[in-house]
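Presented below is the structure to which this report refers.
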Amino acid sequence: MIAEILEPITGSPLPVRLTAWDGSSAGPEDAPRVRISSTDALRRLLWHPGELGAAQAYVTGELDVEGDLGEALDHVWNVVRERGLSAVRPGPRLIARLARAARQLDALGLDPQPPATQARVRGRLHSPGRDRQAISHHYDLSNDFYALILDPNMAYSCGYWPSREPGYTVEDAQRDKLDLVCRKVGLRPGMRMLDIGCGWGSLSIHAAANYGVTVVGVTISAEQKRFADDRIARLGLQDKVEIRLQDYREIPDGPFDAVTSLEMGEHVGQRNYPRYARALHDNVRPGGRVLIQQMSRRGKHPGGGPFIESFIAPDMHMRPVGETIAMLEAPGLELRDVHALREHYEWTVNAWLETFEDRWDEAVAMVGEEMARVWRLYLVGGARTFRDGRMGVDQLLLVRPGDRGESGFPDVRPQWSGRLGEDSSND
């Protein structure tokens, strides 16, 4: 009976071996094994066919996967591609057939309430108030929870992995990423830097501590600011770093010598991106450099897909990197370098996932099993998204030209990838 409900949507045979709450089973014996413990799981799949319904059932525990979740996802995505299931849209006859089968299983009913971990944001899209809600949903979860997963600097963006040796860690990759950014924007003692979307302050603090600059970092997450302020105080950097609870549209004291923004541009939205680009331009002095690290995506889900949009980053918007470059150049910035880091994000997320799984019991005790299952699905799926090229991430280095078009860049392309303390005179 389960097969009668699902095979019209998934094709035959089922892509997994399903076992229901009553002990009945369907699907190939050698396929990944999935257990359905409640009729609510089927209701979710009927009301939200595809990714969202399956994700809702998984995070609530109504649906579970035996063994390796990543291997199961790989198998299902391969079947989806082979059968062209992403284009399937249920028609009236199919809906009637599904309803008859669901009635026999006592699975016909109202759409279950969304999981408690699903985002609920209100207001006009990308208004300052709604943006604060969207950011708070993800980033204000718990500083202690993020500290459980991330490196000690709390860098929550793609690392830079110049080495794949076994002893090279995600902490090393994040330090080398922070150095790479500082070198690219040409930091020198006495300069003043703006870090838009500064997160927990990893780049702001690193730049001030190692490059002799003063930094203003802005975030709209109260939890991030609290963590960053505490760390700045512990390091004695209060006279070097100021973290503000401030929207990028409200920065009053530019221009700065350099501007950075790591994986924040995805959150401003398509309509507001020109305003974000203008803020970058206006907040850097003529001849100053701007570095954006930003994810890219093609296809019909610029927000990352139903699961990401509903549980992780509501209102996020990504686009192909070429479109982003055009929008950044529109207010007058000039592109000088594109550095693709897609593979580096797979390695970064896999490192986070390994730590997360090692500390699973601590995570559950801290945020509850449902949120922990959200994060397991997020990390497992995210690593594969970058591995398979469904998303990319790039560092875009731009400059605001001077009055006569001068960029201040050397004639020969700089070598930016050395480590802190090595010669960087060609920057």
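Residues are named by chain letter and number: chains run A, B, ... in the order of the structure tokens, numbers start at 1 in each chain, and ligands are numbered from 1 in the order shown.
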
Which neighbours of stretch 236-244 of chain A fall inside 8 Å, counting only C-alpha atoms, when residues of the same chain fewer than 5 positions from it are skipped, and could you give them as a PyMOL selection string?
-> chain A and resi 201+204-205+208-209+213-219+225+228-229

Residue selection dump (all heavy atoms) as a short mmCIF file (atom, residue, chain, number, x, y, z; two decimals), in the first residue's frame:
```cif
data_model
loop_
_atom_site.label_atom_id
_atom_site.label_comp_id
_atom_site.auth_asym_id
_atom_site.auth_seq_id
_atom_site.Cartn_x
_atom_site.Cartn_y
_atom_site.Cartn_z
N GLY A 201 32.89 37.73 14.27
CA GLY A 201 34.04 38.62 14.35
C GLY A 201 35.37 38.00 13.97
O GLY A 201 36.42 38.61 14.20
N SER A 204 37.26 40.31 11.44
CA SER A 204 37.52 41.62 12.07
C SER A 204 38.63 41.51 13.09
O SER A 204 39.57 42.34 13.13
CB SER A 204 36.24 42.14 12.74
OG SER A 204 35.21 42.35 11.80
N ILE A 205 38.57 40.50 13.94
CA ILE A 205 39.56 40.32 14.99
C ILE A 205 40.92 39.92 14.40
O ILE A 205 41.97 40.44 14.81
CB ILE A 205 39.06 39.28 16.01
CG1 ILE A 205 37.85 39.84 16.77
CG2 ILE A 205 40.18 38.87 16.97
CD1 ILE A 205 37.10 38.82 17.61
N ALA A 208 42.64 43.00 12.80
CA ALA A 208 43.16 43.95 13.78
C ALA A 208 44.37 43.38 14.52
O ALA A 208 45.36 44.09 14.75
CB ALA A 208 42.07 44.31 14.78
N ALA A 209 44.32 42.10 14.88
CA ALA A 209 45.38 41.50 15.68
C ALA A 209 46.65 41.27 14.88
O ALA A 209 47.76 41.34 15.45
CB ALA A 209 44.89 40.17 16.27
N VAL A 213 45.42 47.10 11.75
CA VAL A 213 44.37 47.98 11.25
C VAL A 213 43.30 48.14 12.32
O VAL A 213 43.20 47.34 13.25
CB VAL A 213 43.75 47.43 9.95
CG1 VAL A 213 44.80 47.34 8.86
CG2 VAL A 213 43.09 46.06 10.17
N THR A 214 42.49 49.17 12.18
CA THR A 214 41.29 49.31 13.00
C THR A 214 40.10 48.86 12.16
O THR A 214 40.06 49.11 10.95
CB THR A 214 41.08 50.75 13.48
OG1 THR A 214 41.02 51.62 12.35
CG2 THR A 214 42.23 51.18 14.37
N VAL A 215 39.14 48.20 12.80
CA VAL A 215 38.06 47.55 12.07
C VAL A 215 36.71 47.90 12.69
O VAL A 215 36.55 47.91 13.92
CB VAL A 215 38.23 46.01 12.08
CG1 VAL A 215 37.16 45.35 11.20
CG2 VAL A 215 39.63 45.62 11.59
N VAL A 216 35.75 48.17 11.81
CA VAL A 216 34.35 48.24 12.18
C VAL A 216 33.66 47.03 11.56
O VAL A 216 33.72 46.84 10.34
CB VAL A 216 33.69 49.54 11.69
CG1 VAL A 216 32.17 49.47 11.90
CG2 VAL A 216 34.27 50.74 12.42
N GLY A 217 33.06 46.19 12.39
CA GLY A 217 32.29 45.06 11.90
C GLY A 217 30.82 45.28 12.19
O GLY A 217 30.47 45.75 13.28
N VAL A 218 29.96 44.98 11.22
CA VAL A 218 28.52 45.16 11.43
C VAL A 218 27.81 43.83 11.26
O VAL A 218 28.13 43.03 10.38
CB VAL A 218 27.92 46.23 10.49
CG1 VAL A 218 28.56 47.58 10.74
CG2 VAL A 218 28.04 45.85 9.03
N THR A 219 26.83 43.59 12.12
CA THR A 219 25.99 42.40 12.07
C THR A 219 24.60 42.81 12.55
O THR A 219 24.45 43.82 13.25
CB THR A 219 26.55 41.28 12.96
OG1 THR A 219 25.65 40.15 12.93
CG2 THR A 219 26.72 41.73 14.40
N LYS A 225 27.10 39.54 17.96
CA LYS A 225 27.76 40.72 18.55
C LYS A 225 28.21 40.43 19.98
O LYS A 225 29.34 40.79 20.37
CB LYS A 225 26.82 41.93 18.53
CG LYS A 225 27.41 43.14 19.29
CD LYS A 225 26.54 44.36 19.17
CE LYS A 225 26.91 45.43 20.20
NZ LYS A 225 28.35 45.81 20.19
N ALA A 228 31.34 38.26 19.82
CA ALA A 228 32.49 39.02 19.32
C ALA A 228 32.99 40.02 20.35
O ALA A 228 34.21 40.16 20.56
CB ALA A 228 32.12 39.73 18.02
N ASP A 229 32.07 40.72 21.00
CA ASP A 229 32.48 41.70 22.01
C ASP A 229 33.24 41.03 23.16
O ASP A 229 34.25 41.56 23.66
CB ASP A 229 31.26 42.44 22.56
CG ASP A 229 30.70 43.47 21.59
OD1 ASP A 229 31.43 43.85 20.65
OD2 ASP A 229 29.56 43.90 21.80
#
```

Selected residue of minimal separation from A:Met191 among A:Glu82, A:Asp282, A:Asp257, A:Asp337, counting only C-alpha atoms =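 Closest candidate: A:Asp257.
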
Among listed residues A:Phe145, A:Phe409, A:Trp360, A:Trp77, nearest A:Gly288 (using only C-alpha atoms) |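 Residue with the minimum atom-to-atom distance to A:Gly288: A:Phe409.
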
Show me, as a Markdown table, the residues of stretch 335-400 of chain A having an atom within 9 Å of stretch 148-162 of chain A, each with the closest atom pair and its distance in Å, using only C-alpha atoms.
```
| residue | atom | partner | partner_atom | distance |
| --- | --- | --- | --- | --- |
| A:Leu341 | CA | A:Tyr160 | CA | 7.5 |
| A:Arg342 | CA | A:Cys158 | CA | 8.6 |
| A:His344 | CA | A:Tyr160 | CA | 6.1 |
| A:Tyr345 | CA | A:Cys158 | CA | 5.0 |
| A:Glu346 | CA | A:Cys158 | CA | 8.5 |
| A:Trp347 | CA | A:Trp161 | CA | 8.1 |
| A:Thr348 | CA | A:Gly159 | CA | 5.9 |
| A:Val349 | CA | A:Cys158 | CA | 8.0 |
| A:Ala351 | CA | A:Ile149 | CA | 8.9 |
| A:Trp352 | CA | A:Ile149 | CA | 5.6 |
| A:Leu353 | CA | A:Ile149 | CA | 7.7 |
| A:Glu354 | CA | A:Ile149 | CA | 8.8 |
| A:Thr355 | CA | A:Ile149 | CA | 5.8 |
| A:Phe356 | CA | A:Ile149 | CA | 5.6 |
| A:Arg359 | CA | A:Leu148 | CA | 7.5 |
| A:Glu362 | CA | A:Leu148 | CA | 8.2 |
| A:Ala363 | CA | A:Leu148 | CA | 7.5 |
| A:Val393 | CA | A:Cys158 | CA | 7.9 |
```

Compare A:Arg81, A:Pro314, A:Glu171, A:Leu194 by their minimum atom-to-atom distance to A:Arg122, counting only C-alpha atoms, and give me the closest one.
->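 Counting only C-alpha atoms, the residue closest to A:Arg122 is A:Pro314.
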
Residue set, stretch 60-294 of chain A restricted to alpha helix (DSSP H), as a PyMOL selection string = chain A and resi 60+69-83+92-104+128-139+143-149+170-184+202-211+222-235+273-282

Distance query A:Lys184 at most 9 Å, only C-alpha atoms, self and fewer than 4 positions along chain excluded, as a PyMOL selection string = chain A and resi 179-180+289-291+397+414-416+427

Would you kindly return, as a list in words, each protein, DNA or RNA residue with an atom no farther than 12 Å from any atom of A:Gly53, considering only C-alpha atoms and excluding same-chain residues fewer than 4 positions away?
-> Asp40, Ala41, Leu42, Arg43, Arg44, Leu45, Leu46, Trp47, His48, Pro49, Ala57, Tyr58, Val59, Thr60, Glu62, Leu63, Asp111, Pro112, Gln113, Pro114, Pro115, Gln118, Pro306, Phe307 and Ser310 of chain A

Atom-to-atom span, atom CA of A:Glu263 and atom CA of A:Gln294, Å |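 Between atom CA of A:Glu263 and atom CA of A:Gln294 the gap works out to 4.7 Å.
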
Name the residues of stretch 271-418 of chain A that come out as strand (DSSP E) in a backbone DSSP run; write them as a PyMOL selection string.
-> chain A and resi 284-297+334-340+391-399

Identify, on the basis of only C-alpha atoms, every residue whose closest approach to A:His301 does not exceed 12 Å; exclude the query and any residue fewer than 6 positions from it along the same chain; express the result as a PyMOL selection string.
-> chain A and resi 51+86+307-309+315-320+390-391

Produce a file of the selected residues containing N, CA and C atoms, as a PDB file, in the first residue's frame.
```
ATOM      1  N   GLU A  51      11.050  17.429  -1.747  1.00  0.00           N
ATOM      2  CA  GLU A  51      12.065  17.734  -0.744  1.00  0.00           C
ATOM      3  C   GLU A  51      11.493  18.249   0.570  1.00  0.00           C
ATOM      4  N   SER A  86      12.273  15.584 -11.051  1.00  0.00           N
ATOM      5  CA  SER A  86      12.140  16.976 -10.611  1.00  0.00           C
ATOM      6  C   SER A  86      11.078  17.718 -11.394  1.00  0.00           C
ATOM      7  N   PHE A 307      14.175  22.842   1.457  1.00  0.00           N
ATOM      8  CA  PHE A 307      14.668  22.600   2.810  1.00  0.00           C
ATOM      9  C   PHE A 307      15.457  23.795   3.341  1.00  0.00           C
ATOM     10  N   ILE A 308      16.430  24.261   2.574  1.00  0.00           N
ATOM     11  CA  ILE A 308      17.252  25.391   3.008  1.00  0.00           C
ATOM     12  C   ILE A 308      16.386  26.620   3.248  1.00  0.00           C
ATOM     13  N   GLU A 309      15.464  26.884   2.322  1.00  0.00           N
ATOM     14  CA  GLU A 309      14.634  28.079   2.426  1.00  0.00           C
ATOM     15  C   GLU A 309      13.692  28.016   3.615  1.00  0.00           C
ATOM     16  N   ASP A 315      14.598  33.509   2.862  1.00  0.00           N
ATOM     17  CA  ASP A 315      14.768  34.735   2.071  1.00  0.00           C
ATOM     18  C   ASP A 315      16.146  34.865   1.433  1.00  0.00           C
ATOM     19  N   MET A 316      16.995  33.839   1.506  1.00  0.00           N
ATOM     20  CA  MET A 316      18.295  33.895   0.839  1.00  0.00           C
ATOM     21  C   MET A 316      18.097  33.886  -0.676  1.00  0.00           C
ATOM     22  N   HIS A 317      19.005  34.530  -1.401  1.00  0.00           N
ATOM     23  CA  HIS A 317      18.934  34.553  -2.866  1.00  0.00           C
ATOM     24  C   HIS A 317      20.340  34.451  -3.446  1.00  0.00           C
ATOM     25  N   MET A 318      20.520  33.448  -4.302  1.00  0.00           N
ATOM     26  CA  MET A 318      21.784  33.273  -5.009  1.00  0.00           C
ATOM     27  C   MET A 318      21.536  33.325  -6.507  1.00  0.00           C
ATOM     28  N   ARG A 319      22.602  33.543  -7.275  1.00  0.00           N
ATOM     29  CA  ARG A 319      22.497  33.643  -8.723  1.00  0.00           C
ATOM     30  C   ARG A 319      23.834  33.207  -9.317  1.00  0.00           C
ATOM     31  N   PRO A 320      23.922  32.996 -10.620  1.00  0.00           N
ATOM     32  CA  PRO A 320      25.231  32.706 -11.225  1.00  0.00           C
ATOM     33  C   PRO A 320      26.216  33.833 -10.952  1.00  0.00           C
ATOM     34  N   ARG A 390      26.262  21.822  -7.774  1.00  0.00           N
ATOM     35  CA  ARG A 390      24.951  22.490  -7.797  1.00  0.00           C
ATOM     36  C   ARG A 390      25.040  23.893  -7.200  1.00  0.00           C
ATOM     37  N   MET A 391      26.087  24.137  -6.425  1.00  0.00           N
ATOM     38  CA  MET A 391      26.361  25.475  -5.917  1.00  0.00           C
ATOM     39  C   MET A 391      27.856  25.715  -5.981  1.00  0.00           C
TER      40      MET A 391
END
```

So how far away is atom CA of A:Val374 from atom CA of A:Glu266, in Å?
->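 Here the two named atoms are 20.4 Å from each other.
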